[in-house]
Amino acid sequence: MTKHFLKISKDFSETPGARYYSDGNFSGEEFYEKILRYAFKEALEDDSKLVIDLDGTEGYATSFLDETFMRLAKEFGKETVLKNIELISIEEPDWKDEIISYIKDVE
Amino acid sequence: MNKQRRKRLRKRQKISQIKALKSNRRFKAFTRNQNRYKRRRNQSFKRIRSEHTGYKNALRKEEAILPDIFTINDNLEGVLNFIYKSKKILERRKVHQVDFDFKNVRKVDDGAATMLLSICSDMDSKGIRVRANQPLEPNAREFIIKSGFMQYFEGPHRKLKSELLNMTIKKGKTKIEQKDSAGLIHKSMKTVFTEKADLRNQKLQGMLIELMTNSVNHAYLNDQREKTWYISTSHYPNQNKVEFCFVDNGDGIINTINVKFRLLIDNVEILKNAFNGDYRSRTKLRNRGRGLVAVKDSHTKMTIRGLKVITNNVFLDFENNVTFKLATPFSGTFYSWILDKSCKQ
């Protein structure tokens, strides 16, 4: 299986913000609608995995991660998302588990 | 007839003389100055009179005398009482100027100073002039000068600047300013971990975004109010320590939770439950309410230490596991914590 790569610090921002557009710049909503959604679609079409690299940023708020991955799971289904994404978080390993829990929480 | 003619002629002459005089530049300038003088005299008189008699256009001054021990650690109730009274001034109509009297202050700390500055800034944005003098006690005065506290007040001490300024205050309005918080963190990491090349602290950045988000999205029940928050950092390079304070003057965590859930339990329990994420599961939106849990996590995972929270009538000290009810409530939320070498890098 081939892999597509997405590094948040390079492809989006080094200073990701909060949940919504209304909260300020580089929100989770913005990241999902402008980048993640298309990157994941492309990966699915190529029958490959999307590797999301969380390292290199100043840090994430739970609301940013939650909004991003919750919406991804809602749109594509949590099984599909869990099967087709790979997370890299060497600097803060806790985030990987948190993101997986956000995806699993989607009803 | 001759007499009447003479009278008419004199009248005409007088009128033409007056006309000539009025068209004269010097006369015009003279009358203009006279009018200006009259206007000024009336104004100052009105002001002076109004101050003494409560005239409706009065220049209303309020004087606020600070308690001699202005610290959260030693005189929490005194500080909160003073802050409560200062907020009442803010609510009053037609206050034009507030003079804060620091003369008798013997001890100040960062938390109390940040609380006061947040109110002063709110006064300033409401068009109220804020003035202050300096403490007479040398140590308190030194603290005030080093903190750069006086720069935020009007008055002769405003220009006082020290090369050793160790306090930075960021004010935010209605938005999350994650670049500003990242900048504060970089400076703080440089003070604490002097030898470290990477100045990021991702967990702390995450926590600051949570606090800003809570202030902007949840702290103000009345949407018409200006949503502001303040972060202050005080650097102590000799101790490799930075003290952080975060304040918003909203409605407080407990009040906002009570409005949403109408709970009938003790306020202390409500606050503890909020930090444990208990109200998350009660909402239909299961993904909400993780912010306060993340703040508590930052303390338990040693990203920061000495986390204290004051909101409404509850004080919560996470490090010493101390919780108690306050006699004077604080309408808003105040957090303080420390970043030092014992914290996780």
# chains A, B, ... in the order shown; residues from 1 in each chain; ligands from 1
$ interface_residues --of "chain A" --to "chain B" --cutoff "9 Å" --atoms "only C-alpha atoms" --output "PyMOL selection string"
chain A and resi 15-19+22-25+57-63+66-67+70+91-92+102+105-106
$ write_last_selection --atoms "N, CA and C atoms" --output "short mmCIF file (atom, residue, chain, number, x, y, z; two decimals), in the first residue's frame"
data_model
loop_
_atom_site.label_atom_id
_atom_site.label_comp_id
_atom_site.auth_asym_id
_atom_site.auth_seq_id
_atom_site.Cartn_x
_atom_site.Cartn_y
_atom_site.Cartn_z
N THR A 15 1.55 27.30 13.90
CA THR A 15 0.77 27.71 15.09
C THR A 15 -0.72 27.44 14.86
N PRO A 16 -1.13 26.17 14.89
CA PRO A 16 -2.56 25.89 14.74
C PRO A 16 -3.36 26.47 15.91
N GLY A 17 -4.59 26.86 15.61
CA GLY A 17 -5.39 27.56 16.63
C GLY A 17 -6.42 26.69 17.32
N ALA A 18 -7.66 27.18 17.37
CA ALA A 18 -8.71 26.47 18.12
C ALA A 18 -9.68 25.75 17.16
N ARG A 19 -10.97 25.78 17.48
CA ARG A 19 -11.92 24.93 16.75
C ARG A 19 -12.45 25.56 15.45
N SER A 22 -14.34 31.31 13.51
CA SER A 22 -14.63 32.48 14.34
C SER A 22 -13.66 32.62 15.53
N ASP A 23 -12.97 31.53 15.88
CA ASP A 23 -12.03 31.60 17.01
C ASP A 23 -10.73 32.32 16.65
N GLY A 24 -10.42 32.40 15.37
CA GLY A 24 -9.17 33.05 14.95
C GLY A 24 -8.53 32.28 13.80
N ASN A 25 -7.28 32.65 13.53
CA ASN A 25 -6.58 32.04 12.38
C ASN A 25 -6.24 30.57 12.62
N THR A 57 5.04 21.65 15.18
CA THR A 57 4.22 22.85 15.45
C THR A 57 4.52 23.38 16.86
N GLU A 58 3.91 24.50 17.19
CA GLU A 58 4.05 25.06 18.54
C GLU A 58 3.22 24.28 19.56
N GLY A 59 2.21 23.58 19.08
CA GLY A 59 1.35 22.81 19.98
C GLY A 59 -0.09 22.85 19.51
N TYR A 60 -0.89 21.91 20.02
CA TYR A 60 -2.29 21.82 19.60
C TYR A 60 -3.23 21.95 20.79
N ALA A 61 -4.37 22.60 20.52
CA ALA A 61 -5.44 22.59 21.51
C ALA A 61 -6.29 21.36 21.23
N THR A 62 -6.93 20.82 22.26
CA THR A 62 -7.77 19.63 22.04
C THR A 62 -8.89 19.96 21.06
N SER A 63 -9.37 21.22 21.11
CA SER A 63 -10.48 21.60 20.22
C SER A 63 -10.07 21.54 18.75
N ASP A 66 -9.81 17.77 17.88
CA ASP A 66 -11.15 17.20 17.96
C ASP A 66 -12.00 17.57 16.74
N GLU A 67 -12.02 18.86 16.41
CA GLU A 67 -12.82 19.33 15.28
C GLU A 67 -12.35 18.68 13.98
N MET A 70 -12.83 14.64 14.18
CA MET A 70 -14.24 14.30 14.34
C MET A 70 -14.98 14.51 13.02
N GLU A 91 7.08 13.97 19.14
CA GLU A 91 7.29 14.99 20.18
C GLU A 91 6.28 14.88 21.32
N GLU A 92 5.03 14.59 21.01
CA GLU A 92 3.99 14.43 22.05
C GLU A 92 3.19 13.15 21.74
N TYR A 102 -10.95 10.49 19.80
CA TYR A 102 -11.91 11.43 19.19
C TYR A 102 -12.64 10.77 18.02
N ASP A 105 -15.12 8.25 19.27
CA ASP A 105 -16.26 8.89 19.95
C ASP A 105 -17.39 9.27 18.99
N VAL A 106 -17.08 9.37 17.72
CA VAL A 106 -18.09 9.81 16.75
C VAL A 106 -19.18 8.75 16.62
#
$ residues_around --residues "Val81 in chain A" --least-positions-apart "2" --cutoff "9 Å" --atoms "only C-alpha atoms" --output "PyMOL selection string"
chain A and resi 40+69+72-73+76-79+83-85+103
$ atom_distance --atom1 "CA of Leu271 in chain B" --atom2 "CA of Glu243 in chain B"
23.1 Å
$ closest_residue --among "B:Val322, B:Leu221, B:Val268, B:Met302" --to "Thr256 in chain B" --atoms "only C-alpha atoms"
B:Leu221
$ residues_around --residues "Ile119 in chain B" --least-positions-apart "2" --cutoff "10 Å" --atoms "only C-alpha atoms" --output "PyMOL selection string"
chain B and resi 83+86-87+89-90+114-117+121-125+247-249
$ residues_around --residues "range 34-39 of chain A" --least-positions-apart "2" --cutoff "12 Å" --atoms "only C-alpha atoms" --output "VMD selection string"
chain A and resid 3 to 8 10 to 13 21 26 to 32 41 to 46 48 to 53 65 67 to 76 81 84 to 85
$ write_last_selection --atoms "N, CA and C atoms" --output "short mmCIF file (atom, residue, chain, number, x, y, z; two decimals), in the first residue's frame"
data_model
loop_
_atom_site.label_atom_id
_atom_site.label_comp_id
_atom_site.auth_asym_id
_atom_site.auth_seq_id
_atom_site.Cartn_x
_atom_site.Cartn_y
_atom_site.Cartn_z
N LYS A 3 1.76 5.39 0.28
CA LYS A 3 1.44 6.35 1.35
C LYS A 3 1.47 7.79 0.84
N HIS A 4 0.49 8.56 1.30
CA HIS A 4 0.49 10.00 1.04
C HIS A 4 0.91 10.68 2.34
N PHE A 5 1.66 11.78 2.23
CA PHE A 5 2.16 12.43 3.45
C PHE A 5 1.58 13.84 3.63
N LEU A 6 1.27 14.15 4.89
CA LEU A 6 0.77 15.49 5.22
C LEU A 6 1.43 15.93 6.52
N LYS A 7 2.23 17.01 6.43
CA LYS A 7 2.88 17.52 7.64
C LYS A 7 2.21 18.84 8.01
N ILE A 8 1.55 18.86 9.15
CA ILE A 8 0.73 20.02 9.51
C ILE A 8 1.57 21.30 9.60
N LYS A 10 4.17 22.18 7.99
CA LYS A 10 4.60 22.71 6.69
C LYS A 10 3.42 22.99 5.77
N ASP A 11 2.46 22.07 5.76
CA ASP A 11 1.36 22.20 4.81
C ASP A 11 0.23 23.11 5.30
N PHE A 12 0.23 23.43 6.60
CA PHE A 12 -0.85 24.28 7.13
C PHE A 12 -0.28 25.44 7.94
N SER A 13 0.15 25.18 9.16
CA SER A 13 0.70 26.26 9.99
C SER A 13 1.52 25.69 11.15
N TYR A 21 -13.54 28.83 12.60
CA TYR A 21 -13.04 30.02 11.91
C TYR A 21 -13.18 31.24 12.81
N PHE A 26 -6.07 29.86 11.53
CA PHE A 26 -5.61 28.46 11.51
C PHE A 26 -6.41 27.55 12.45
N SER A 27 -7.69 27.61 12.31
CA SER A 27 -8.56 26.78 13.16
C SER A 27 -8.64 25.34 12.63
N GLY A 28 -9.20 24.47 13.44
CA GLY A 28 -9.40 23.08 13.04
C GLY A 28 -10.36 22.98 11.86
N GLU A 29 -11.37 23.84 11.90
CA GLU A 29 -12.35 23.88 10.81
C GLU A 29 -11.66 24.22 9.48
N GLU A 30 -10.78 25.21 9.55
CA GLU A 30 -10.05 25.66 8.34
C GLU A 30 -9.14 24.54 7.83
N PHE A 31 -8.44 23.90 8.74
CA PHE A 31 -7.51 22.82 8.35
C PHE A 31 -8.28 21.68 7.68
N TYR A 32 -9.42 21.34 8.28
CA TYR A 32 -10.19 20.23 7.71
C TYR A 32 -10.72 20.59 6.33
N LYS A 41 -9.24 12.34 0.71
CA LYS A 41 -9.97 11.89 -0.47
C LYS A 41 -9.00 11.35 -1.51
N GLU A 42 -7.95 12.11 -1.73
CA GLU A 42 -6.92 11.74 -2.72
C GLU A 42 -6.28 10.40 -2.35
N ALA A 43 -5.98 10.27 -1.07
CA ALA A 43 -5.36 9.03 -0.60
C ALA A 43 -6.30 7.84 -0.82
N LEU A 44 -7.60 8.05 -0.54
CA LEU A 44 -8.58 6.96 -0.74
C LEU A 44 -8.69 6.58 -2.21
N GLU A 45 -8.70 7.61 -3.06
CA GLU A 45 -8.81 7.35 -4.50
C GLU A 45 -7.61 6.58 -5.03
N ASP A 46 -6.44 6.87 -4.44
CA ASP A 46 -5.21 6.15 -4.87
C ASP A 46 -5.04 4.82 -4.14
N SER A 48 -4.45 4.38 -1.04
CA SER A 48 -3.24 4.45 -0.19
C SER A 48 -3.57 5.05 1.18
N LYS A 49 -2.61 5.00 2.05
CA LYS A 49 -2.80 5.51 3.42
C LYS A 49 -2.37 6.97 3.50
N LEU A 50 -3.02 7.73 4.38
CA LEU A 50 -2.58 9.12 4.59
C LEU A 50 -1.79 9.18 5.90
N VAL A 51 -0.53 9.58 5.78
CA VAL A 51 0.31 9.71 6.98
C VAL A 51 0.27 11.17 7.42
N ILE A 52 -0.23 11.39 8.62
CA ILE A 52 -0.32 12.78 9.13
C ILE A 52 0.75 12.98 10.20
N ASP A 53 1.64 13.92 9.92
CA ASP A 53 2.74 14.20 10.85
C ASP A 53 2.37 15.40 11.71
N LEU A 65 -7.73 19.48 17.36
CA LEU A 65 -7.62 18.06 16.97
C LEU A 65 -9.00 17.42 16.90
N GLU A 67 -12.02 18.86 16.41
CA GLU A 67 -12.82 19.33 15.28
C GLU A 67 -12.35 18.68 13.98
N THR A 68 -11.04 18.63 13.81
CA THR A 68 -10.46 18.10 12.57
C THR A 68 -10.82 16.63 12.37
N PHE A 69 -10.49 15.82 13.36
CA PHE A 69 -10.64 14.37 13.17
C PHE A 69 -12.07 13.89 13.37
N MET A 70 -12.83 14.64 14.18
CA MET A 70 -14.24 14.30 14.34
C MET A 70 -14.98 14.51 13.02
N ARG A 71 -14.67 15.60 12.35
CA ARG A 71 -15.34 15.88 11.06
C ARG A 71 -14.90 14.89 9.98
N LEU A 72 -13.64 14.51 10.05
CA LEU A 72 -13.14 13.52 9.09
C LEU A 72 -13.88 12.20 9.25
N ALA A 73 -14.04 11.79 10.52
CA ALA A 73 -14.73 10.53 10.81
C ALA A 73 -16.21 10.61 10.45
N LYS A 74 -16.80 11.79 10.66
CA LYS A 74 -18.23 11.96 10.33
C LYS A 74 -18.45 11.87 8.83
N GLU A 75 -17.54 12.45 8.07
CA GLU A 75 -17.74 12.49 6.61
C GLU A 75 -17.40 11.14 5.95
N PHE A 76 -16.32 10.52 6.39
CA PHE A 76 -15.87 9.31 5.69
C PHE A 76 -16.18 8.01 6.46
N VAL A 81 -11.65 5.83 8.30
CA VAL A 81 -10.60 6.74 8.76
C VAL A 81 -9.53 5.96 9.54
N ASN A 84 -7.36 3.99 7.25
CA ASN A 84 -6.56 4.65 6.21
C ASN A 84 -5.70 5.82 6.68
N ILE A 85 -5.61 6.04 7.99
CA ILE A 85 -4.66 7.09 8.41
C ILE A 85 -3.58 6.49 9.32
#
